[in-house]
file start.cif (mmCIF, N, CA and C atoms)
data_coords
loop_
_atom_site.label_atom_id
_atom_site.label_comp_id
_atom_site.auth_asym_id
_atom_site.auth_seq_id
_atom_site.Cartn_x
_atom_site.Cartn_y
_atom_site.Cartn_z
N MET U 28 -24.06 -21.97 -25.84
CA MET U 28 -24.56 -21.71 -24.51
C MET U 28 -23.97 -20.40 -24.02
N ASN U 29 -24.81 -19.43 -23.73
CA ASN U 29 -24.36 -18.13 -23.25
C ASN U 29 -24.48 -18.06 -21.74
N TRP U 30 -23.46 -17.49 -21.14
CA TRP U 30 -23.49 -17.33 -19.69
C TRP U 30 -24.10 -15.98 -19.38
N GLN U 31 -25.13 -15.97 -18.57
CA GLN U 31 -25.81 -14.74 -18.18
C GLN U 31 -25.61 -14.52 -16.69
N PRO U 32 -24.98 -13.42 -16.33
CA PRO U 32 -24.80 -13.17 -14.90
C PRO U 32 -26.15 -12.87 -14.24
N ASP U 33 -26.35 -13.44 -13.08
CA ASP U 33 -27.55 -13.13 -12.33
C ASP U 33 -27.14 -12.72 -10.92
N ALA U 34 -28.11 -12.51 -10.10
CA ALA U 34 -27.84 -12.01 -8.75
C ALA U 34 -27.01 -13.00 -7.93
N TRP U 35 -27.18 -14.30 -8.14
CA TRP U 35 -26.44 -15.29 -7.35
C TRP U 35 -24.94 -15.23 -7.60
N GLY U 36 -24.55 -14.87 -8.80
CA GLY U 36 -23.12 -14.72 -9.07
C GLY U 36 -22.51 -13.60 -8.23
N TYR U 37 -23.24 -12.50 -8.12
CA TYR U 37 -22.75 -11.39 -7.31
C TYR U 37 -22.77 -11.73 -5.82
N VAL U 38 -23.77 -12.47 -5.39
CA VAL U 38 -23.82 -12.91 -3.99
C VAL U 38 -22.63 -13.81 -3.68
N PHE U 39 -22.33 -14.72 -4.59
CA PHE U 39 -21.19 -15.61 -4.39
C PHE U 39 -19.89 -14.82 -4.30
N ILE U 40 -19.71 -13.84 -5.18
CA ILE U 40 -18.50 -13.02 -5.16
C ILE U 40 -18.40 -12.26 -3.85
N ALA U 41 -19.52 -11.72 -3.37
CA ALA U 41 -19.51 -10.97 -2.11
C ALA U 41 -19.16 -11.87 -0.93
N ILE U 42 -19.73 -13.07 -0.90
CA ILE U 42 -19.44 -14.00 0.20
C ILE U 42 -17.99 -14.46 0.13
N ALA U 43 -17.52 -14.83 -1.05
CA ALA U 43 -16.14 -15.28 -1.19
C ALA U 43 -15.17 -14.16 -0.85
N GLY U 44 -15.47 -12.94 -1.27
CA GLY U 44 -14.62 -11.81 -0.93
C GLY U 44 -14.59 -11.54 0.56
N PHE U 45 -15.76 -11.69 1.22
CA PHE U 45 -15.82 -11.49 2.66
C PHE U 45 -14.99 -12.55 3.38
N LEU U 46 -15.17 -13.80 2.99
CA LEU U 46 -14.44 -14.88 3.66
C LEU U 46 -12.93 -14.76 3.45
N ALA U 47 -12.53 -14.28 2.30
CA ALA U 47 -11.10 -14.19 2.01
C ALA U 47 -10.43 -13.03 2.71
N THR U 48 -11.17 -11.97 3.02
CA THR U 48 -10.52 -10.78 3.60
C THR U 48 -11.10 -10.36 4.93
N ASP U 49 -12.38 -10.03 4.95
CA ASP U 49 -12.96 -9.42 6.15
C ASP U 49 -13.00 -10.36 7.34
N LEU U 50 -13.24 -11.62 7.10
CA LEU U 50 -13.28 -12.58 8.20
C LEU U 50 -11.95 -12.57 8.96
N TRP U 51 -10.85 -12.57 8.23
CA TRP U 51 -9.54 -12.59 8.88
C TRP U 51 -9.23 -11.26 9.57
N ARG U 52 -9.75 -10.17 9.03
CA ARG U 52 -9.57 -8.87 9.69
C ARG U 52 -10.28 -8.86 11.04
N TRP U 53 -11.51 -9.36 11.08
CA TRP U 53 -12.25 -9.38 12.33
C TRP U 53 -11.61 -10.34 13.34
N LEU U 54 -11.11 -11.47 12.86
CA LEU U 54 -10.41 -12.37 13.77
C LEU U 54 -9.14 -11.71 14.31
N GLY U 55 -8.47 -10.91 13.49
CA GLY U 55 -7.31 -10.16 13.95
C GLY U 55 -7.66 -9.13 15.01
N VAL U 56 -8.81 -8.49 14.84
CA VAL U 56 -9.26 -7.52 15.84
C VAL U 56 -9.54 -8.21 17.17
N VAL U 57 -10.23 -9.35 17.10
CA VAL U 57 -10.55 -10.09 18.32
C VAL U 57 -9.28 -10.58 18.99
N ALA U 58 -8.36 -11.15 18.22
CA ALA U 58 -7.11 -11.66 18.80
C ALA U 58 -6.22 -10.52 19.27
N GLY U 59 -6.27 -9.39 18.59
CA GLY U 59 -5.41 -8.27 18.94
C GLY U 59 -5.77 -7.59 20.25
N ARG U 60 -6.97 -7.78 20.71
CA ARG U 60 -7.37 -7.18 21.99
C ARG U 60 -6.58 -7.74 23.16
N ARG U 61 -6.09 -8.94 23.01
CA ARG U 61 -5.36 -9.59 24.10
C ARG U 61 -3.87 -9.26 24.08
N LEU U 62 -3.40 -8.64 23.03
CA LEU U 62 -1.97 -8.35 22.91
C LEU U 62 -1.65 -6.98 23.50
N ARG U 63 -0.52 -6.92 24.15
CA ARG U 63 -0.02 -5.64 24.64
C ARG U 63 0.60 -4.88 23.47
N GLU U 64 0.54 -3.57 23.52
CA GLU U 64 1.04 -2.76 22.43
C GLU U 64 2.56 -2.87 22.27
N ASP U 65 3.25 -3.20 23.34
CA ASP U 65 4.71 -3.31 23.28
C ASP U 65 5.18 -4.78 23.25
N SER U 66 4.29 -5.69 22.86
CA SER U 66 4.65 -7.10 22.84
C SER U 66 5.54 -7.42 21.64
N GLU U 67 6.26 -8.51 21.75
CA GLU U 67 7.16 -8.94 20.68
C GLU U 67 6.39 -9.34 19.42
N VAL U 68 5.20 -9.88 19.60
CA VAL U 68 4.39 -10.28 18.45
C VAL U 68 4.03 -9.06 17.61
N LEU U 69 3.59 -7.98 18.25
CA LEU U 69 3.23 -6.78 17.50
C LEU U 69 4.47 -6.10 16.92
N ASN U 70 5.59 -6.17 17.60
CA ASN U 70 6.84 -5.65 17.01
C ASN U 70 7.18 -6.41 15.73
N TRP U 71 7.00 -7.73 15.75
CA TRP U 71 7.27 -8.53 14.56
C TRP U 71 6.29 -8.19 13.43
N VAL U 72 5.01 -8.02 13.77
CA VAL U 72 4.00 -7.68 12.76
C VAL U 72 4.33 -6.32 12.14
N ARG U 73 4.72 -5.35 12.96
CA ARG U 73 5.09 -4.03 12.43
C ARG U 73 6.30 -4.14 11.51
N ALA U 74 7.27 -4.95 11.89
CA ALA U 74 8.47 -5.11 11.06
C ALA U 74 8.13 -5.75 9.72
N VAL U 75 7.27 -6.75 9.72
CA VAL U 75 6.88 -7.40 8.47
C VAL U 75 6.08 -6.44 7.60
N ALA U 76 5.17 -5.69 8.19
CA ALA U 76 4.38 -4.73 7.42
C ALA U 76 5.27 -3.65 6.82
N THR U 77 6.22 -3.17 7.58
CA THR U 77 7.15 -2.15 7.07
C THR U 77 8.00 -2.71 5.95
N ALA U 78 8.45 -3.94 6.08
CA ALA U 78 9.26 -4.57 5.03
C ALA U 78 8.44 -4.76 3.74
N LEU U 79 7.17 -5.12 3.88
CA LEU U 79 6.33 -5.27 2.69
C LEU U 79 6.12 -3.94 1.97
N VAL U 80 5.86 -2.88 2.73
CA VAL U 80 5.69 -1.57 2.11
C VAL U 80 6.99 -1.12 1.45
N ALA U 81 8.12 -1.33 2.12
CA ALA U 81 9.41 -0.95 1.54
C ALA U 81 9.69 -1.74 0.26
N GLY U 82 9.31 -3.00 0.25
CA GLY U 82 9.51 -3.82 -0.95
C GLY U 82 8.67 -3.34 -2.12
N VAL U 83 7.43 -2.97 -1.86
CA VAL U 83 6.56 -2.48 -2.93
C VAL U 83 7.07 -1.15 -3.47
N VAL U 84 7.48 -0.25 -2.58
CA VAL U 84 8.00 1.04 -3.02
C VAL U 84 9.30 0.85 -3.80
N SER U 85 10.16 -0.03 -3.34
CA SER U 85 11.41 -0.30 -4.05
C SER U 85 11.15 -0.87 -5.43
N LYS U 86 10.18 -1.75 -5.53
CA LYS U 86 9.83 -2.32 -6.84
C LYS U 86 9.32 -1.24 -7.78
N LEU U 87 8.53 -0.31 -7.27
CA LEU U 87 8.03 0.77 -8.10
C LEU U 87 9.14 1.70 -8.56
N ILE U 88 10.18 1.84 -7.77
CA ILE U 88 11.29 2.72 -8.14
C ILE U 88 12.22 2.03 -9.12
N VAL U 89 12.59 0.79 -8.85
CA VAL U 89 13.58 0.10 -9.67
C VAL U 89 12.96 -0.53 -10.92
N PHE U 90 11.77 -1.09 -10.81
CA PHE U 90 11.11 -1.74 -11.94
C PHE U 90 9.72 -1.13 -12.16
N PRO U 91 9.65 0.12 -12.58
CA PRO U 91 8.34 0.77 -12.73
C PRO U 91 7.60 0.31 -13.98
N THR U 92 6.33 0.65 -14.04
CA THR U 92 5.51 0.39 -15.21
C THR U 92 4.83 1.68 -15.63
N GLY U 93 4.27 1.70 -16.81
CA GLY U 93 3.53 2.87 -17.28
C GLY U 93 4.45 4.04 -17.57
N VAL U 94 3.99 5.24 -17.23
CA VAL U 94 4.76 6.46 -17.48
C VAL U 94 6.06 6.45 -16.69
N LEU U 95 6.02 5.92 -15.49
CA LEU U 95 7.25 5.88 -14.68
C LEU U 95 8.35 5.07 -15.34
N GLU U 96 7.97 4.11 -16.16
CA GLU U 96 8.97 3.28 -16.82
C GLU U 96 9.86 4.12 -17.75
N SER U 97 9.30 5.14 -18.36
CA SER U 97 10.09 5.98 -19.26
C SER U 97 10.71 7.18 -18.55
N SER U 98 10.43 7.36 -17.27
CA SER U 98 11.04 8.46 -16.52
C SER U 98 12.43 8.05 -16.06
N PRO U 99 13.31 9.02 -15.89
CA PRO U 99 14.68 8.68 -15.48
C PRO U 99 14.73 8.21 -14.02
N LEU U 100 15.70 7.34 -13.75
CA LEU U 100 15.87 6.80 -12.40
C LEU U 100 16.16 7.90 -11.39
N TRP U 101 16.96 8.89 -11.80
CA TRP U 101 17.31 9.97 -10.86
C TRP U 101 16.08 10.72 -10.39
N LEU U 102 15.06 10.84 -11.22
CA LEU U 102 13.83 11.54 -10.82
C LEU U 102 13.06 10.71 -9.80
N ARG U 103 12.98 9.42 -10.02
CA ARG U 103 12.27 8.56 -9.07
C ARG U 103 12.97 8.51 -7.73
N VAL U 104 14.28 8.36 -7.75
CA VAL U 104 15.05 8.33 -6.49
C VAL U 104 15.02 9.70 -5.82
N GLY U 105 15.09 10.75 -6.62
CA GLY U 105 15.03 12.11 -6.07
C GLY U 105 13.72 12.40 -5.38
N SER U 106 12.63 11.90 -5.95
CA SER U 106 11.33 12.13 -5.32
C SER U 106 11.24 11.42 -3.97
N ILE U 107 11.84 10.26 -3.88
CA ILE U 107 11.86 9.56 -2.58
C ILE U 107 12.70 10.34 -1.58
N ALA U 108 13.84 10.86 -2.03
CA ALA U 108 14.71 11.64 -1.14
C ALA U 108 14.01 12.91 -0.67
N VAL U 109 13.35 13.60 -1.58
CA VAL U 109 12.63 14.83 -1.20
C VAL U 109 11.49 14.49 -0.24
N GLY U 110 10.77 13.41 -0.51
CA GLY U 110 9.68 13.01 0.38
C GLY U 110 10.18 12.63 1.77
N ALA U 111 11.30 11.91 1.83
CA ALA U 111 11.85 11.53 3.13
C ALA U 111 12.32 12.76 3.90
N LEU U 112 12.98 13.68 3.21
CA LEU U 112 13.45 14.90 3.86
C LEU U 112 12.27 15.72 4.38
N ALA U 113 11.23 15.86 3.57
CA ALA U 113 10.04 16.60 4.00
C ALA U 113 9.35 15.91 5.17
N PHE U 114 9.34 14.59 5.16
CA PHE U 114 8.75 13.83 6.27
C PHE U 114 9.46 14.13 7.58
N PHE U 115 10.79 14.10 7.56
CA PHE U 115 11.53 14.32 8.80
C PHE U 115 11.52 15.79 9.22
N LEU U 116 11.53 16.71 8.26
CA LEU U 116 11.47 18.13 8.61
C LEU U 116 10.06 18.56 9.01
N GLY U 117 9.06 17.85 8.55
CA GLY U 117 7.66 18.18 8.84
C GLY U 117 7.11 17.44 10.03
N ARG U 118 7.90 17.22 11.05
CA ARG U 118 7.49 16.57 12.30
C ARG U 118 6.96 15.16 12.10
N GLN U 119 7.49 14.48 11.12
CA GLN U 119 7.18 13.08 10.81
C GLN U 119 5.69 12.85 10.55
N VAL U 120 5.10 13.78 9.78
CA VAL U 120 3.71 13.64 9.34
C VAL U 120 3.75 12.96 7.97
N PRO U 121 3.20 11.75 7.84
CA PRO U 121 3.28 11.03 6.57
C PRO U 121 2.72 11.80 5.38
N ALA U 122 1.63 12.52 5.58
CA ALA U 122 1.01 13.25 4.47
C ALA U 122 1.96 14.29 3.88
N ILE U 123 2.79 14.90 4.70
CA ILE U 123 3.74 15.90 4.20
C ILE U 123 4.79 15.23 3.31
N GLY U 124 5.32 14.11 3.75
CA GLY U 124 6.30 13.40 2.95
C GLY U 124 5.73 12.87 1.65
N ILE U 125 4.54 12.31 1.70
CA ILE U 125 3.90 11.76 0.49
C ILE U 125 3.58 12.87 -0.49
N ALA U 126 3.00 13.96 0.00
CA ALA U 126 2.64 15.08 -0.88
C ALA U 126 3.89 15.70 -1.51
N SER U 127 4.96 15.82 -0.75
CA SER U 127 6.20 16.39 -1.28
C SER U 127 6.80 15.50 -2.36
N ALA U 128 6.81 14.21 -2.13
CA ALA U 128 7.36 13.27 -3.12
C ALA U 128 6.53 13.29 -4.40
N ILE U 129 5.22 13.31 -4.26
CA ILE U 129 4.35 13.35 -5.44
C ILE U 129 4.52 14.67 -6.19
N ALA U 130 4.61 15.78 -5.45
CA ALA U 130 4.79 17.08 -6.10
C ALA U 130 6.11 17.14 -6.85
N PHE U 131 7.19 16.64 -6.24
CA PHE U 131 8.49 16.64 -6.91
C PHE U 131 8.46 15.76 -8.15
N LEU U 132 7.88 14.59 -8.05
CA LEU U 132 7.80 13.68 -9.19
C LEU U 132 6.93 14.28 -10.29
N GLY U 133 5.79 14.85 -9.92
CA GLY U 133 4.91 15.46 -10.90
C GLY U 133 5.56 16.63 -11.61
N ALA U 134 6.23 17.49 -10.84
CA ALA U 134 6.91 18.64 -11.43
C ALA U 134 8.04 18.17 -12.36
N GLY U 135 8.77 17.16 -11.93
CA GLY U 135 9.85 16.63 -12.77
C GLY U 135 9.33 16.03 -14.06
N LEU U 136 8.25 15.28 -13.98
CA LEU U 136 7.66 14.71 -15.19
C LEU U 136 7.13 15.80 -16.12
N TYR U 137 6.56 16.84 -15.54
CA TYR U 137 6.05 17.95 -16.35
C TYR U 137 7.20 18.67 -17.05
N LEU U 138 8.28 18.95 -16.32
CA LEU U 138 9.41 19.66 -16.90
C LEU U 138 10.11 18.84 -17.96
N LEU U 139 10.07 17.52 -17.83
CA LEU U 139 10.70 16.65 -18.83
C LEU U 139 9.79 16.38 -20.03
N GLY U 140 8.56 16.87 -19.96
CA GLY U 140 7.65 16.75 -21.10
C GLY U 140 6.80 15.49 -21.13
N PHE U 141 6.55 14.90 -19.99
CA PHE U 141 5.71 13.69 -19.96
C PHE U 141 4.26 14.07 -19.84
#
call {"tool": "encode", "arguments": {"input": "start.cif", "output": "structure tokens"}}
result
Amino acid sequence: MNWQPDAWGYVFIAIAGFLATDLWRWLGVVAGRRLREDSEVLNWVRAVATALVAGVVSKLIVFPTGVLESSPLWLRVGSIAVGALAFFLGRQVPAIGIASAIAFLGAGLYLLGF
């Protein structure tokens, strides 16, 4: 018995994907209209979101995969330091910090022969 994908399979995936993600985003938008920007709930949400991003970045630095796995730790940590320094010197524009960190990491990988 061979399974043949048809249009209903894609419709199911689209509906399931919508229910799993977009529905909750729209409910968040509706609920968020009632919250003040300086409320404790939004402060908590920002703290959790920041902690999640920090955790993902830390995991990429300490336990990398792919090409980064064979790169030295000092290069990965150095790129974060250069990116943070550029972020603060560049009037706290995220794109400046991200671009600087990527440029430093890319240049370091190139110079090391990766």
call {"tool": "resolve_selection", "arguments": {"input": "start.cif", "expression": "the PyMOL selection byres ((chain U and resi 103-111) around 7)", "output": "number ranges by chain"}}
result
U: 88, 98-102, 112-116, 123-129, 131-132
call {"tool": "atom_distance", "arguments": {"input": "start.cif", "atom1": "CA of Ala76 (chain U)", "atom2": "CA of Phe45 (chain U)"}}
result
21.8 Å
call {"tool": "residues_near_point", "arguments": {"input": "start.cif", "point": "(3.5, 4.6, 5.9)", "cutoff": "8 Å", "atoms": "all atoms listed in the file", "output": "list in words"}}
result
Thr77, Val80 and Pro121 of chain U
call {"tool": "atom_distance", "arguments": {"input": "start.cif", "atom1": "atom N of Val68 (chain U)", "atom2": "atom C of Gly55 (chain U)"}}
result
13.7 Å
call {"tool": "atom_distance", "arguments": {"input": "start.cif", "atom1": "CA of Gly117 (chain U)", "atom2": "atom N of Ala134 (chain U)"}}
result
19.7 Å
call {"tool": "select_by_dssp", "arguments": {"input": "start.cif", "residues": "chain U", "states": "alpha helix (DSSP H)", "output": "JSON, numbers by chain"}}
result
{"U": [34, 35, 36, 37, 38, 39, 40, 41, 42, 43, 44, 50, 51, 52, 53, 54, 55, 56, 57, 58, 59, 67, 68, 69, 70, 71, 72, 73, 74, 75, 76, 77, 78, 79, 80, 81, 82, 83, 84, 85, 86, 87, 88, 89, 94, 95, 96, 97, 100, 101, 102, 103, 104, 105, 106, 107, 108, 109, 110, 111, 112, 113, 114, 115, 116, 121, 122, 123, 124, 125, 126, 127, 128, 129, 130, 131, 132, 133, 134, 135, 136, 137, 138]}
